[in-house]
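A short write-up of the structure that comes next.
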Amino acid sequence: MMKIKIVNKKKFIRSIMVLIGFVILMVAGMITSTTYSKTEIGYKEDYILKGDTLWSIAEQEVNQNEYCKGKDIREVMYEIRELNHITNDNLEIGQKIIIPKL
């Protein structure tokens, strides 16, 4: 049987403590990164009416759409732009857009 001789006891204890700390952090990271939400985002279709702007649509969604509640109007505008590949604020009457919803 092979015996290990510890030459520097303080250094050995410090190394073991660092190793234990690292393992604790890794386990904590794995536990906290797990999400338990089963919420799926859906989409609804809407059509642009006369006078509609991205701002007015986003404002309406913030007030009525559970997915958008509490978000900044600009953030909702950005999401609508991205989902619908809108490159500017010019909307066409009758244009179909999709909007995220819960």
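Ordering of the structure tokens sets the chain letters (A, B, ...), residue numbers begin anew at 1 in every chain, and ligands are numbered from 1 in the order given.
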Would you mind writing down, as a PyMOL selection string, each residue of segment 4-95 of chain A that DSSP on the backbone assigns to helix (DSSP H, G or I)? chain A and resi 9-32+54-64+73-84
Env of segment 82-90 of chain A: 8 Å cut, atoms = only C-alpha atoms, seq-sep filter 5 positions within chain, self excluded. Answer as a list of chain:residue names. A:Thr53, A:Leu54, A:Ile97, A:Ile98, A:Ile99
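Here atom CA of Gln64 of chain A stands at a distance of 19.0 Å from atom CA of Gly51 of chain A.
Across A:Leu49, A:Ala58, A:Met2, A:Val18, the tightest approach to Lys96 of chain A is made by A:Leu49 when counting only C-alpha atoms.
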From a backbone DSSP assignment, name each residue in chain A labelled strand (DSSP E), as a PyMOL selection string. chain A and resi 42-47+96-101
What is the distance, in Å and to one decimal place, between atom CA of Lys11 of chain A and atom CA of Met30 of chain A? 28.8 Å
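The residue that comes closest to Met77 of chain A, out of A:Thr39, A:Asn8, A:Gln60, A:Gln95 and on the basis of only C-alpha atoms, is A:Gln60.
Distance-wise, atom CA of Val76 of chain A and atom CA of Ile57 of chain A end up 9.0 Å apart.
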